[in-house]
>>> print(open('data-v3.tsv').read())   # TSV, C-alpha atoms
chain	number	residue	atom	x	y	z
A	1	MET	CA	19.02	5.77	38.56
A	2	SER	CA	20.81	7.97	36.04
A	3	SER	CA	18.69	10.37	34.02
A	4	PRO	CA	18.38	9.70	30.27
A	5	LEU	CA	20.60	11.62	27.92
A	6	PRO	CA	19.03	14.65	26.23
A	7	PRO	CA	18.15	14.08	22.53
A	8	VAL	CA	21.14	16.10	21.30
A	9	ALA	CA	23.65	14.09	23.34
A	10	ALA	CA	22.02	10.80	22.35
A	11	ALA	CA	22.21	11.78	18.68
A	12	GLY	CA	25.93	12.55	18.98
A	13	LEU	CA	26.60	9.17	20.56
A	14	GLY	CA	24.46	7.41	17.96
A	15	TRP	CA	26.27	8.94	15.00
A	16	GLY	CA	29.59	8.30	16.73
A	17	PHE	CA	28.76	4.62	17.13
A	18	LEU	CA	27.93	4.29	13.41
A	19	GLY	CA	31.35	5.73	12.58
A	20	VAL	CA	33.11	3.41	15.03
A	21	ALA	CA	31.27	0.39	13.63
A	22	ALA	CA	32.62	1.27	10.18
A	23	PHE	CA	36.14	1.84	11.53
A	24	SER	CA	36.20	-1.42	13.52
A	25	LEU	CA	36.91	-3.35	10.32
A	26	THR	CA	39.83	-1.14	9.32
A	27	LEU	CA	42.73	-3.06	10.88
A	28	PRO	CA	41.53	-6.58	9.97
A	29	VAL	CA	40.77	-5.45	6.42
A	30	THR	CA	44.15	-3.69	6.18
A	31	ARG	CA	45.80	-6.96	7.23
A	32	ILE	CA	44.09	-8.66	4.27
A	33	ALA	CA	45.03	-5.89	1.84
A	34	VAL	CA	48.76	-5.81	2.69
A	35	GLU	CA	49.09	-9.53	2.01
A	36	GLY	CA	49.03	-8.79	-1.73
A	37	LEU	CA	49.63	-5.04	-1.91
A	38	SER	CA	52.50	-2.97	-0.55
A	39	PRO	CA	51.76	-1.03	2.63
A	40	LEU	CA	52.63	2.24	0.90
A	41	PHE	CA	50.17	1.48	-1.91
A	42	VAL	CA	47.43	0.55	0.58
A	43	GLY	CA	48.02	3.56	2.85
A	44	ALA	CA	48.35	6.15	0.10
A	45	GLY	CA	46.00	4.59	-2.44
A	46	ARG	CA	43.02	4.46	-0.10
A	47	SER	CA	43.36	8.21	0.52
A	48	ALA	CA	43.86	8.99	-3.16
A	49	ILE	CA	40.72	7.10	-4.20
A	50	ALA	CA	38.70	8.59	-1.37
A	51	ALA	CA	39.86	12.03	-2.52
A	52	VAL	CA	38.36	11.40	-5.95
A	53	LEU	CA	35.02	10.54	-4.33
A	54	ALA	CA	35.30	13.62	-2.16
A	55	ALA	CA	36.05	15.92	-5.09
A	56	VAL	CA	33.07	14.59	-7.03
A	57	ALA	CA	30.77	15.11	-4.03
A	58	LEU	CA	32.03	18.64	-3.43
A	59	LEU	CA	31.67	19.62	-7.08
A	60	ALA	CA	28.27	17.99	-7.48
A	61	THR	CA	26.86	19.86	-4.49
A	62	ARG	CA	28.72	23.11	-5.31
A	63	GLN	CA	30.22	23.51	-1.86
A	64	ARG	CA	31.77	26.85	-0.99
A	65	CYS	CA	35.55	26.81	-0.66
A	66	PRO	CA	36.75	27.03	2.98
A	67	ALA	CA	38.24	30.27	4.28
A	68	ALA	CA	42.02	30.68	4.54
A	69	ARG	CA	42.11	30.09	8.29
A	70	GLN	CA	40.03	26.94	7.82
A	71	TRP	CA	42.54	25.54	5.32
A	72	LEU	CA	45.21	25.64	8.03
A	73	ARG	CA	42.97	23.63	10.32
A	74	LEU	CA	42.08	21.28	7.47
A	75	ALA	CA	45.81	20.63	7.08
A	76	VAL	CA	45.82	19.26	10.65
A	77	VAL	CA	42.86	17.01	9.82
A	78	ALA	CA	44.47	15.84	6.57
A	79	GLY	CA	47.78	15.13	8.25
A	80	GLY	CA	46.04	13.02	10.88
A	81	ILE	CA	43.37	11.03	9.04
A	82	ALA	CA	44.39	11.15	5.37
A	83	VAL	CA	48.17	10.79	5.68
A	84	GLY	CA	49.38	9.72	9.12
A	85	PHE	CA	46.87	7.11	10.24
A	86	PRO	CA	46.47	5.17	6.96
A	87	LEU	CA	50.21	5.01	6.25
A	88	LEU	CA	51.26	4.12	9.79
A	89	THR	CA	48.62	1.43	10.27
A	90	SER	CA	49.32	-0.10	6.85
A	91	TYR	CA	52.98	-0.61	7.74
A	92	ALA	CA	52.08	-1.85	11.24
A	93	MET	CA	49.70	-4.46	9.84
A	94	THR	CA	52.46	-6.08	7.78
A	95	THR	CA	53.79	-7.66	10.99
A	96	ALA	CA	51.27	-7.21	13.82
A	97	PRO	CA	48.09	-9.30	14.18
A	98	ALA	CA	44.95	-7.26	13.65
A	99	ALA	CA	43.65	-8.17	17.11
A	100	HIS	CA	46.85	-6.87	18.69
A	101	GLY	CA	46.54	-3.64	16.74
A	102	ALA	CA	42.90	-3.24	17.79
A	103	VAL	CA	43.90	-3.17	21.46
A	104	VAL	CA	46.73	-0.67	20.98
A	105	ILE	CA	44.50	1.53	18.85
A	106	ALA	CA	42.08	1.49	21.79
A	107	LEU	CA	44.13	4.40	23.14
A	108	LEU	CA	42.32	6.62	20.63
A	109	PRO	CA	39.37	7.55	22.88
A	110	ALA	CA	41.66	8.85	25.60
A	111	ALA	CA	43.99	10.55	23.13
A	112	THR	CA	41.12	12.20	21.25
A	113	ALA	CA	39.52	13.39	24.47
A	114	VAL	CA	42.80	14.84	25.75
A	115	VAL	CA	43.40	16.72	22.49
A	116	ALA	CA	39.80	17.98	22.58
A	117	VAL	CA	40.31	19.18	26.17
A	118	LEU	CA	43.46	21.07	25.22
A	119	ARG	CA	41.89	22.42	22.04
A	120	THR	CA	38.52	23.54	23.45
A	121	GLY	CA	39.46	24.50	26.99
A	122	GLU	CA	37.17	21.98	28.64
A	123	ARG	CA	37.88	21.24	32.30
A	124	PRO	CA	37.25	17.56	32.99
A	125	ALA	CA	36.85	16.24	36.51
A	126	ALA	CA	39.78	14.47	38.15
A	127	GLY	CA	38.11	11.14	37.43
A	128	PHE	CA	38.48	11.75	33.70
A	129	TRP	CA	42.25	12.04	33.95
A	130	VAL	CA	42.49	8.99	36.21
A	131	ALA	CA	40.48	6.95	33.69
A	132	ALA	CA	42.53	8.26	30.75
A	133	VAL	CA	45.82	7.32	32.42
A	134	ALA	CA	44.43	3.90	33.36
A	135	GLY	CA	43.43	3.25	29.77
A	136	CYS	CA	46.86	4.25	28.49
A	137	ALA	CA	48.52	1.99	31.07
A	138	CYS	CA	46.38	-0.97	30.00
A	139	ALA	CA	47.34	-0.57	26.35
A	140	VAL	CA	51.05	-0.05	27.07
A	141	VAL	CA	51.20	-3.08	29.39
A	142	PHE	CA	49.38	-5.15	26.78
A	143	ALA	CA	51.83	-4.13	24.06
A	144	GLY	CA	54.75	-4.99	26.32
A	145	VAL	CA	53.37	-8.42	27.25
A	146	GLN	CA	52.49	-9.28	23.66
A	147	GLY	CA	55.89	-8.09	22.48
A	148	GLY	CA	57.69	-10.44	24.84
A	149	GLY	CA	58.58	-7.83	27.45
A	150	PHE	CA	58.93	-4.07	27.60
A	151	GLY	CA	62.41	-4.28	26.16
A	152	ARG	CA	60.99	-6.01	23.09
A	153	VAL	CA	58.04	-3.83	22.14
A	154	HIS	CA	57.87	-4.24	18.39
A	155	THR	CA	58.22	-1.59	15.72
A	156	ALA	CA	54.57	-2.20	14.89
A	157	ASP	CA	53.60	-0.93	18.36
A	158	VAL	CA	55.55	2.29	17.80
A	159	LEU	CA	53.79	2.74	14.45
A	160	LEU	CA	50.39	2.09	16.01
A	161	LEU	CA	51.03	4.57	18.83
A	162	ALA	CA	52.10	7.18	16.29
A	163	ALA	CA	48.90	6.43	14.35
A	164	VAL	CA	46.90	7.03	17.52
A	165	ALA	CA	48.52	10.43	18.00
A	166	ALA	CA	47.92	11.41	14.37
A	167	ALA	CA	44.28	10.33	14.43
A	168	ALA	CA	43.61	12.04	17.77
A	169	PHE	CA	44.57	15.43	16.33
A	170	GLY	CA	42.66	14.73	13.11
A	171	TYR	CA	39.55	13.63	14.99
A	172	ALA	CA	39.50	16.50	17.48
A	173	GLU	CA	40.18	19.25	14.94
A	174	GLY	CA	37.84	17.63	12.44
A	175	GLY	CA	35.07	17.52	15.00
A	176	LEU	CA	35.42	21.24	15.61
A	177	LEU	CA	35.59	22.07	11.90
A	178	ALA	CA	32.53	19.93	11.21
A	179	ARG	CA	30.53	22.46	13.25
A	180	GLU	CA	31.50	25.11	10.70
A	181	LEU	CA	31.80	23.22	7.41
A	182	GLY	CA	29.61	20.17	7.96
A	183	ALA	CA	30.62	16.58	8.69
A	184	TRP	CA	31.11	15.15	5.21
A	185	GLN	CA	32.41	18.45	3.88
A	186	THR	CA	35.21	18.47	6.46
A	187	VAL	CA	36.55	15.03	5.58
A	188	SER	CA	36.07	15.78	1.87
A	189	TRP	CA	38.12	18.98	1.93
A	190	ALA	CA	40.80	17.27	4.05
A	191	LEU	CA	41.11	14.44	1.52
A	192	VAL	CA	41.28	16.87	-1.39
A	193	LEU	CA	44.03	18.79	0.40
A	194	ALA	CA	46.07	15.61	0.89
A	195	ALA	CA	45.36	14.28	-2.61
A	196	PRO	CA	48.48	15.57	-4.44
A	197	LEU	CA	50.87	13.95	-1.94
A	198	MET	CA	48.94	10.70	-1.64
A	199	THR	CA	48.53	10.39	-5.41
A	200	VAL	CA	52.28	10.74	-5.94
A	201	LEU	CA	52.97	8.17	-3.22
A	202	THR	CA	50.45	5.77	-4.78
A	203	VAL	CA	52.13	6.02	-8.19
A	204	VAL	CA	55.58	5.55	-6.65
A	205	ALA	CA	54.38	2.51	-4.72
A	206	GLY	CA	52.74	1.02	-7.79
A	207	LEU	CA	55.87	1.42	-9.90
A	208	ASP	CA	58.17	0.06	-7.19
A	209	GLN	CA	55.98	-2.94	-6.42
A	210	PRO	CA	53.25	-3.54	-9.02
A	211	PRO	CA	50.04	-4.41	-7.18
A	212	ARG	CA	49.11	-8.08	-7.39
A	213	ALA	CA	46.23	-9.10	-5.20
A	214	GLY	CA	43.36	-11.52	-5.37
A	215	VAL	CA	39.68	-10.74	-5.09
A	216	ALA	CA	39.87	-10.59	-1.30
A	217	GLY	CA	42.80	-8.18	-1.39
A	218	TRP	CA	41.13	-5.78	-3.80
A	219	ALA	CA	37.83	-6.01	-1.94
A	220	ALA	CA	39.66	-5.13	1.29
A	221	PHE	CA	41.37	-2.21	-0.43
A	222	ALA	CA	38.01	-0.98	-1.76
A	223	TYR	CA	36.50	-1.08	1.74
A	224	LEU	CA	39.40	0.94	3.12
A	225	ALA	CA	39.08	3.57	0.39
A	226	VAL	CA	35.31	3.93	0.33
A	227	VAL	CA	34.20	3.19	3.90
A	228	SER	CA	37.16	3.51	6.29
A	229	MET	CA	38.60	6.53	4.53
A	230	TYR	CA	35.43	8.33	3.53
A	231	LEU	CA	31.89	7.21	4.33
A	232	GLY	CA	32.68	6.26	7.92
A	233	PHE	CA	33.73	9.84	8.60
A	234	PHE	CA	30.30	11.11	7.57
A	235	ALA	CA	28.84	9.59	10.72
A	236	TRP	CA	31.93	10.03	12.91
A	237	TYR	CA	32.43	13.75	12.33
A	238	ARG	CA	28.69	14.36	12.60
A	239	GLY	CA	28.76	12.74	16.03
A	240	LEU	CA	31.79	14.75	17.11
A	241	ALA	CA	30.22	17.95	15.77
A	242	ILE	CA	27.11	17.36	17.88
A	243	GLY	CA	29.44	16.55	20.78
A	244	PRO	CA	30.72	17.10	23.30
A	245	ILE	CA	33.84	15.79	21.54
A	246	ALA	CA	35.40	14.37	24.71
A	247	ARG	CA	32.22	12.42	25.47
A	248	VAL	CA	31.48	11.17	21.97
A	249	SER	CA	35.11	10.08	21.52
A	250	GLN	CA	34.55	7.54	24.29
A	251	VAL	CA	32.26	5.57	21.95
A	252	GLN	CA	35.52	4.30	20.47
A	253	LEU	CA	35.85	2.11	23.56
A	254	VAL	CA	33.78	-0.52	21.74
A	255	GLN	CA	36.18	-0.54	18.78
A	256	PRO	CA	38.82	-2.91	20.24
A	257	VAL	CA	36.15	-5.49	21.10
A	258	LEU	CA	34.64	-5.26	17.61
A	259	GLY	CA	38.09	-5.29	16.00
A	260	ILE	CA	39.18	-8.40	17.90
A	261	GLY	CA	35.96	-10.12	16.85
A	262	TRP	CA	36.43	-9.20	13.19
A	263	ALA	CA	40.04	-10.42	13.32
A	264	ALA	CA	38.83	-13.81	14.55
A	265	VAL	CA	36.06	-14.05	11.94
A	266	LEU	CA	37.89	-12.70	8.87
A	267	LEU	CA	41.47	-13.75	9.59
A	268	GLY	CA	41.04	-16.73	11.87
A	269	GLU	CA	43.29	-15.13	14.48
A	270	ASP	CA	43.35	-16.89	17.83
A	271	LEU	CA	41.67	-15.08	20.71
A	272	THR	CA	44.58	-15.38	23.15
A	273	TRP	CA	44.06	-14.51	26.81
A	274	PRO	CA	46.36	-11.45	26.69
A	275	THR	CA	44.41	-10.11	23.71
A	276	VAL	CA	40.98	-10.69	25.26
A	277	VAL	CA	42.02	-9.33	28.66
A	278	GLY	CA	43.70	-6.31	27.01
A	279	GLY	CA	40.62	-5.53	24.95
A	280	VAL	CA	38.24	-5.86	27.89
A	281	ALA	CA	40.52	-3.84	30.20
A	282	VAL	CA	40.71	-0.91	27.81
A	283	ARG	CA	37.01	-1.24	26.94
A	284	THR	CA	35.93	-0.97	30.57
A	285	ARG	CA	37.94	2.19	31.19
A	286	ARG	CA	35.53	5.01	31.81
A	287	GLY	CA	36.08	8.71	31.43
A	288	THR	CA	33.97	11.55	32.75
A	289	ALA	CA	34.73	14.37	30.36
A	290	SER	CA	33.36	17.74	31.27
A	291	ARG	CA	30.93	19.63	29.14
A	292	PRO	CA	32.45	22.29	26.88
A	293	ALA	CA	31.09	25.81	26.89
A	294	GLY	CA	27.89	26.13	24.93
A	295	ASP	CA	26.87	22.46	25.13
A	296	PRO	CA	23.61	21.48	26.85
A	297	ASP	CA	23.57	19.72	30.18
A	298	GLU	CA	21.74	16.44	30.89
A	299	SER	CA	18.42	18.28	30.89
A	300	GLY	CA	19.15	19.73	27.46
A	301	ARG	CA	19.62	23.30	28.70
A	302	THR	CA	22.46	25.47	27.43
A	303	PRO	CA	24.62	27.54	29.81
A	304	GLU	CA	22.71	30.68	28.79
A	305	ALA	CA	19.40	29.01	29.64
A	306	ARG	CA	20.75	27.96	33.01
A	307	ARG	CA	21.90	31.51	33.76
A	308	ARG	CA	18.47	32.91	32.86
A	309	SER	CA	16.86	30.32	35.10
A	310	ARG	CA	19.04	31.32	38.04
A	311	ARG	CA	18.31	35.02	37.48
A	312	GLY	CA	14.59	34.31	37.34
>>> encode(input="data-v3.tsv", output="structure tokens")
Amino acid sequence: MSSPLPPVAAAGLGWGFLGVAAFSLTLPVTRIAVEGLSPLFVGAGRSAIAAVLAAVALLATRQRCPAARQWLRLAVVAGGIAVGFPLLTSYAMTTAPAAHGAVVIALLPAATAVVAVLRTGERPAAGFWVAAVAGCACAVVFAGVQGGGFGRVHTADVLLLAAVAAAAFGYAEGGLLARELGAWQTVSWALVLAAPLMTVLTVVAGLDQPPRAGVAGWAAFAYLAVVSMYLGFFAWYRGLAIGPIARVSQVQLVQPVLGIGWAAVLLGEDLTWPTVVGGVAVRTRRGTASRPAGDPDESGRTPEARRRSRRG
């Protein structure tokens, strides 16, 4: 029988799950939004509105401005979660079913963990890399089958894979920064940093294609701006900050299953066998990420405590 997780590790996983639950609606809701709004307006506008909320929160709580070196790292976070992911997924959802996108996006746990390994110097066991490669293979095969063959993988799949890469860097770097700035402060500063670009893109999109959406479309857009783009990161970055990042990132394995379910409920998408099998295959991939320096082991002891114990 496996020993229970120490309280710190359990807390990280718990906060991570809350963030994933919020994010699981993102692709289905984006699919609803782009039916009446342009993908550029949806992708840029959600970030611009979230940036307003972030600025208000930062000013109201009188947060100290990040240091110069932290701004450079915030640029990585902003490029991943405030610019790259929302724009790329918005364009992908104009053609791809939300359930299909949920399975391809299931590469995020492996991608985030790999970036965290490279960024923090963790040394995962061989089983971690085997599991990561297996998960990637499942998603790539799924995309090929759904696209009608590997020679016909759709543009939407390329956009979704690029979104995965962007988010992986934003998640991993954001998780590290959250240990210094705080969870909600990290996403808030990243959104503020991206605000000028995303505001301009929102205005351009609105002028080029005036937004005309029904109640459902605007409600979907509001969810993306308030929850997917902002509040969800409160829990997600808190979980990553508690860490270890590579371990907490694996909570995202439940996201494709939740996303496929939401696509069926909200959009009436058919649960085809390739979609269900793809979601389950990626969901059941397991990774055994190693523990980064300074994190407690299963008993809750830090490396320093373990060294003292051995000396005693």
>>> closest_residue(input="data-v3.tsv", among="A:Leu13, A:Leu177, A:Ile32, A:Ala190", to="A:Gly243", atoms="all atoms listed in the file")
A:Leu13
>>> atom_distance(input="data-v3.tsv", atom1="atom CA of A:Ala44", atom2="atom CA of A:Gly80")
13.0 Å
>>> closest_residue(input="data-v3.tsv", among="A:Arg31, A:Arg119, A:Arg247, A:Arg69", to="A:His100", atoms="only C-alpha atoms")
A:Arg31
>>> closest_residue(input="data-v3.tsv", among="A:Phe17, A:Phe85, A:Tyr171, A:Phe221", to="A:Thr186", atoms="all atoms listed in the file")
A:Tyr171
>>> closest_residue(input="data-v3.tsv", among="A:Val115, A:Trp218, A:Pro210, A:Leu231", to="A:Ala165", atoms="all atoms listed in the file")
A:Val115
>>> closest_residue(input="data-v3.tsv", among="A:Gln209, A:Thr120, A:Gln63, A:Thr89", to="A:Ala162", atoms="only C-alpha atoms")
A:Thr89
>>> closest_residue(input="data-v3.tsv", among="A:Ala195, A:Ala126, A:Leu40, A:Leu176", to="A:Tyr91", atoms="all atoms listed in the file")
A:Leu40
>>> residues_around(input="data-v3.tsv", residues="A:Gly79", least_positions_apart="5", cutoff="9 Å", atoms="only C-alpha atoms", output="list in words")
Leu74, Gly84, Phe85, Ala166, Ala167, Phe169, Gly170, Ala190 and Ala194 of chain A
>>> write_last_selection(input="data-v3.tsv", atoms="C-alpha atoms", output="PDB file, in the coordinates of the input")
ATOM      1  CA  LEU A  74      42.080  21.280   7.470  1.00  0.00           C
ATOM      2  CA  GLY A  84      49.380   9.720   9.120  1.00  0.00           C
ATOM      3  CA  PHE A  85      46.870   7.110  10.240  1.00  0.00           C
ATOM      4  CA  ALA A 166      47.920  11.410  14.370  1.00  0.00           C
ATOM      5  CA  ALA A 167      44.280  10.330  14.430  1.00  0.00           C
ATOM      6  CA  PHE A 169      44.570  15.430  16.330  1.00  0.00           C
ATOM      7  CA  GLY A 170      42.660  14.730  13.110  1.00  0.00           C
ATOM      8  CA  ALA A 190      40.800  17.270   4.050  1.00  0.00           C
ATOM      9  CA  ALA A 194      46.070  15.610   0.890  1.00  0.00           C
TER      10      ALA A 194
END
>>> build_atoms(input="data-v3.tsv", residues="stretch 157-189 of chain A", atoms="N, CA and C atoms", output="PDB file, in the frame of the given file")
ATOM      1  N   ASP A 157      54.235  -1.646  17.253  1.00  0.00           N
ATOM      2  CA  ASP A 157      53.600  -0.930  18.360  1.00  0.00           C
ATOM      3  C   ASP A 157      53.919   0.561  18.293  1.00  0.00           C
ATOM      4  N   VAL A 158      55.158   0.886  17.928  1.00  0.00           N
ATOM      5  CA  VAL A 158      55.550   2.290  17.800  1.00  0.00           C
ATOM      6  C   VAL A 158      54.734   2.942  16.676  1.00  0.00           C
ATOM      7  N   LEU A 159      54.576   2.213  15.564  1.00  0.00           N
ATOM      8  CA  LEU A 159      53.790   2.740  14.450  1.00  0.00           C
ATOM      9  C   LEU A 159      52.328   2.939  14.843  1.00  0.00           C
ATOM     10  N   LEU A 160      51.786   1.990  15.593  1.00  0.00           N
ATOM     11  CA  LEU A 160      50.390   2.090  16.010  1.00  0.00           C
ATOM     12  C   LEU A 160      50.187   3.254  16.988  1.00  0.00           C
ATOM     13  N   LEU A 161      51.136   3.457  17.894  1.00  0.00           N
ATOM     14  CA  LEU A 161      51.030   4.570  18.830  1.00  0.00           C
ATOM     15  C   LEU A 161      51.131   5.906  18.097  1.00  0.00           C
ATOM     16  N   ALA A 162      52.010   5.965  17.094  1.00  0.00           N
ATOM     17  CA  ALA A 162      52.100   7.180  16.290  1.00  0.00           C
ATOM     18  C   ALA A 162      50.803   7.410  15.510  1.00  0.00           C
ATOM     19  N   ALA A 163      50.181   6.324  15.046  1.00  0.00           N
ATOM     20  CA  ALA A 163      48.900   6.430  14.350  1.00  0.00           C
ATOM     21  C   ALA A 163      47.825   6.968  15.273  1.00  0.00           C
ATOM     22  N   VAL A 164      47.855   6.533  16.528  1.00  0.00           N
ATOM     23  CA  VAL A 164      46.900   7.030  17.520  1.00  0.00           C
ATOM     24  C   VAL A 164      47.042   8.533  17.687  1.00  0.00           C
ATOM     25  N   ALA A 165      48.284   8.997  17.828  1.00  0.00           N
ATOM     26  CA  ALA A 165      48.520  10.430  18.000  1.00  0.00           C
ATOM     27  C   ALA A 165      48.036  11.214  16.788  1.00  0.00           C
ATOM     28  N   ALA A 166      48.340  10.716  15.589  1.00  0.00           N
ATOM     29  CA  ALA A 166      47.920  11.410  14.370  1.00  0.00           C
ATOM     30  C   ALA A 166      46.397  11.482  14.277  1.00  0.00           C
ATOM     31  N   ALA A 167      45.734  10.356  14.530  1.00  0.00           N
ATOM     32  CA  ALA A 167      44.280  10.330  14.430  1.00  0.00           C
ATOM     33  C   ALA A 167      43.622  11.197  15.491  1.00  0.00           C
ATOM     34  N   ALA A 168      44.196  11.237  16.682  1.00  0.00           N
ATOM     35  CA  ALA A 168      43.610  12.040  17.770  1.00  0.00           C
ATOM     36  C   ALA A 168      43.514  13.505  17.371  1.00  0.00           C
ATOM     37  N   PHE A 169      44.586  14.033  16.781  1.00  0.00           N
ATOM     38  CA  PHE A 169      44.570  15.430  16.330  1.00  0.00           C
ATOM     39  C   PHE A 169      43.589  15.602  15.172  1.00  0.00           C
ATOM     40  N   GLY A 170      43.577  14.633  14.246  1.00  0.00           N
ATOM     41  CA  GLY A 170      42.660  14.730  13.110  1.00  0.00           C
ATOM     42  C   GLY A 170      41.211  14.637  13.532  1.00  0.00           C
ATOM     43  N   TYR A 171      40.922  13.779  14.507  1.00  0.00           N
ATOM     44  CA  TYR A 171      39.550  13.630  14.990  1.00  0.00           C
ATOM     45  C   TYR A 171      39.084  14.889  15.723  1.00  0.00           C
ATOM     46  N   ALA A 172      39.909  15.360  16.664  1.00  0.00           N
ATOM     47  CA  ALA A 172      39.500  16.500  17.480  1.00  0.00           C
ATOM     48  C   ALA A 172      39.318  17.763  16.632  1.00  0.00           C
ATOM     49  N   GLU A 173      40.291  18.051  15.775  1.00  0.00           N
ATOM     50  CA  GLU A 173      40.180  19.250  14.940  1.00  0.00           C
ATOM     51  C   GLU A 173      39.064  19.084  13.914  1.00  0.00           C
ATOM     52  N   GLY A 174      38.911  17.877  13.400  1.00  0.00           N
ATOM     53  CA  GLY A 174      37.840  17.630  12.440  1.00  0.00           C
ATOM     54  C   GLY A 174      36.468  17.781  13.067  1.00  0.00           C
ATOM     55  N   GLY A 175      36.342  17.357  14.324  1.00  0.00           N
ATOM     56  CA  GLY A 175      35.070  17.520  15.000  1.00  0.00           C
ATOM     57  C   GLY A 175      34.690  18.973  15.168  1.00  0.00           C
ATOM     58  N   LEU A 176      35.679  19.810  15.472  1.00  0.00           N
ATOM     59  CA  LEU A 176      35.420  21.240  15.610  1.00  0.00           C
ATOM     60  C   LEU A 176      35.084  21.875  14.256  1.00  0.00           C
ATOM     61  N   LEU A 177      35.841  21.508  13.231  1.00  0.00           N
ATOM     62  CA  LEU A 177      35.590  22.070  11.900  1.00  0.00           C
ATOM     63  C   LEU A 177      34.237  21.629  11.347  1.00  0.00           C
ATOM     64  N   ALA A 178      33.814  20.424  11.710  1.00  0.00           N
ATOM     65  CA  ALA A 178      32.530  19.930  11.210  1.00  0.00           C
ATOM     66  C   ALA A 178      31.379  20.813  11.671  1.00  0.00           C
ATOM     67  N   ARG A 179      31.562  21.536  12.778  1.00  0.00           N
ATOM     68  CA  ARG A 179      30.530  22.460  13.250  1.00  0.00           C
ATOM     69  C   ARG A 179      30.431  23.688  12.349  1.00  0.00           C
ATOM     70  N   GLU A 180      31.478  23.945  11.592  1.00  0.00           N
ATOM     71  CA  GLU A 180      31.500  25.110  10.700  1.00  0.00           C
ATOM     72  C   GLU A 180      31.250  24.711   9.245  1.00  0.00           C
ATOM     73  N   LEU A 181      31.866  23.614   8.808  1.00  0.00           N
ATOM     74  CA  LEU A 181      31.800  23.220   7.410  1.00  0.00           C
ATOM     75  C   LEU A 181      30.788  22.129   7.132  1.00  0.00           C
ATOM     76  N   GLY A 182      30.432  21.360   8.155  1.00  0.00           N
ATOM     77  CA  GLY A 182      29.610  20.170   7.960  1.00  0.00           C
ATOM     78  C   GLY A 182      30.476  18.927   8.070  1.00  0.00           C
ATOM     79  N   ALA A 183      29.865  17.809   8.429  1.00  0.00           N
ATOM     80  CA  ALA A 183      30.620  16.580   8.690  1.00  0.00           C
ATOM     81  C   ALA A 183      31.303  16.043   7.432  1.00  0.00           C
ATOM     82  N   TRP A 184      30.504  15.743   6.389  1.00  0.00           N
ATOM     83  CA  TRP A 184      31.110  15.150   5.210  1.00  0.00           C
ATOM     84  C   TRP A 184      31.948  16.163   4.439  1.00  0.00           C
ATOM     85  N   GLN A 185      31.604  17.435   4.550  1.00  0.00           N
ATOM     86  CA  GLN A 185      32.410  18.450   3.880  1.00  0.00           C
ATOM     87  C   GLN A 185      33.808  18.532   4.481  1.00  0.00           C
ATOM     88  N   THR A 186      33.911  18.379   5.794  1.00  0.00           N
ATOM     89  CA  THR A 186      35.210  18.470   6.460  1.00  0.00           C
ATOM     90  C   THR A 186      36.143  17.372   5.984  1.00  0.00           C
ATOM     91  N   VAL A 187      35.682  16.128   6.016  1.00  0.00           N
ATOM     92  CA  VAL A 187      36.550  15.030   5.580  1.00  0.00           C
ATOM     93  C   VAL A 187      36.828  15.142   4.083  1.00  0.00           C
ATOM     94  N   SER A 188      35.864  15.650   3.316  1.00  0.00           N
ATOM     95  CA  SER A 188      36.070  15.780   1.870  1.00  0.00           C
ATOM     96  C   SER A 188      37.156  16.797   1.552  1.00  0.00           C
ATOM     97  N   TRP A 189      37.098  17.965   2.176  1.00  0.00           N
ATOM     98  CA  TRP A 189      38.120  18.980   1.930  1.00  0.00           C
ATOM     99  C   TRP A 189      39.494  18.511   2.418  1.00  0.00           C
TER     100      TRP A 189
END
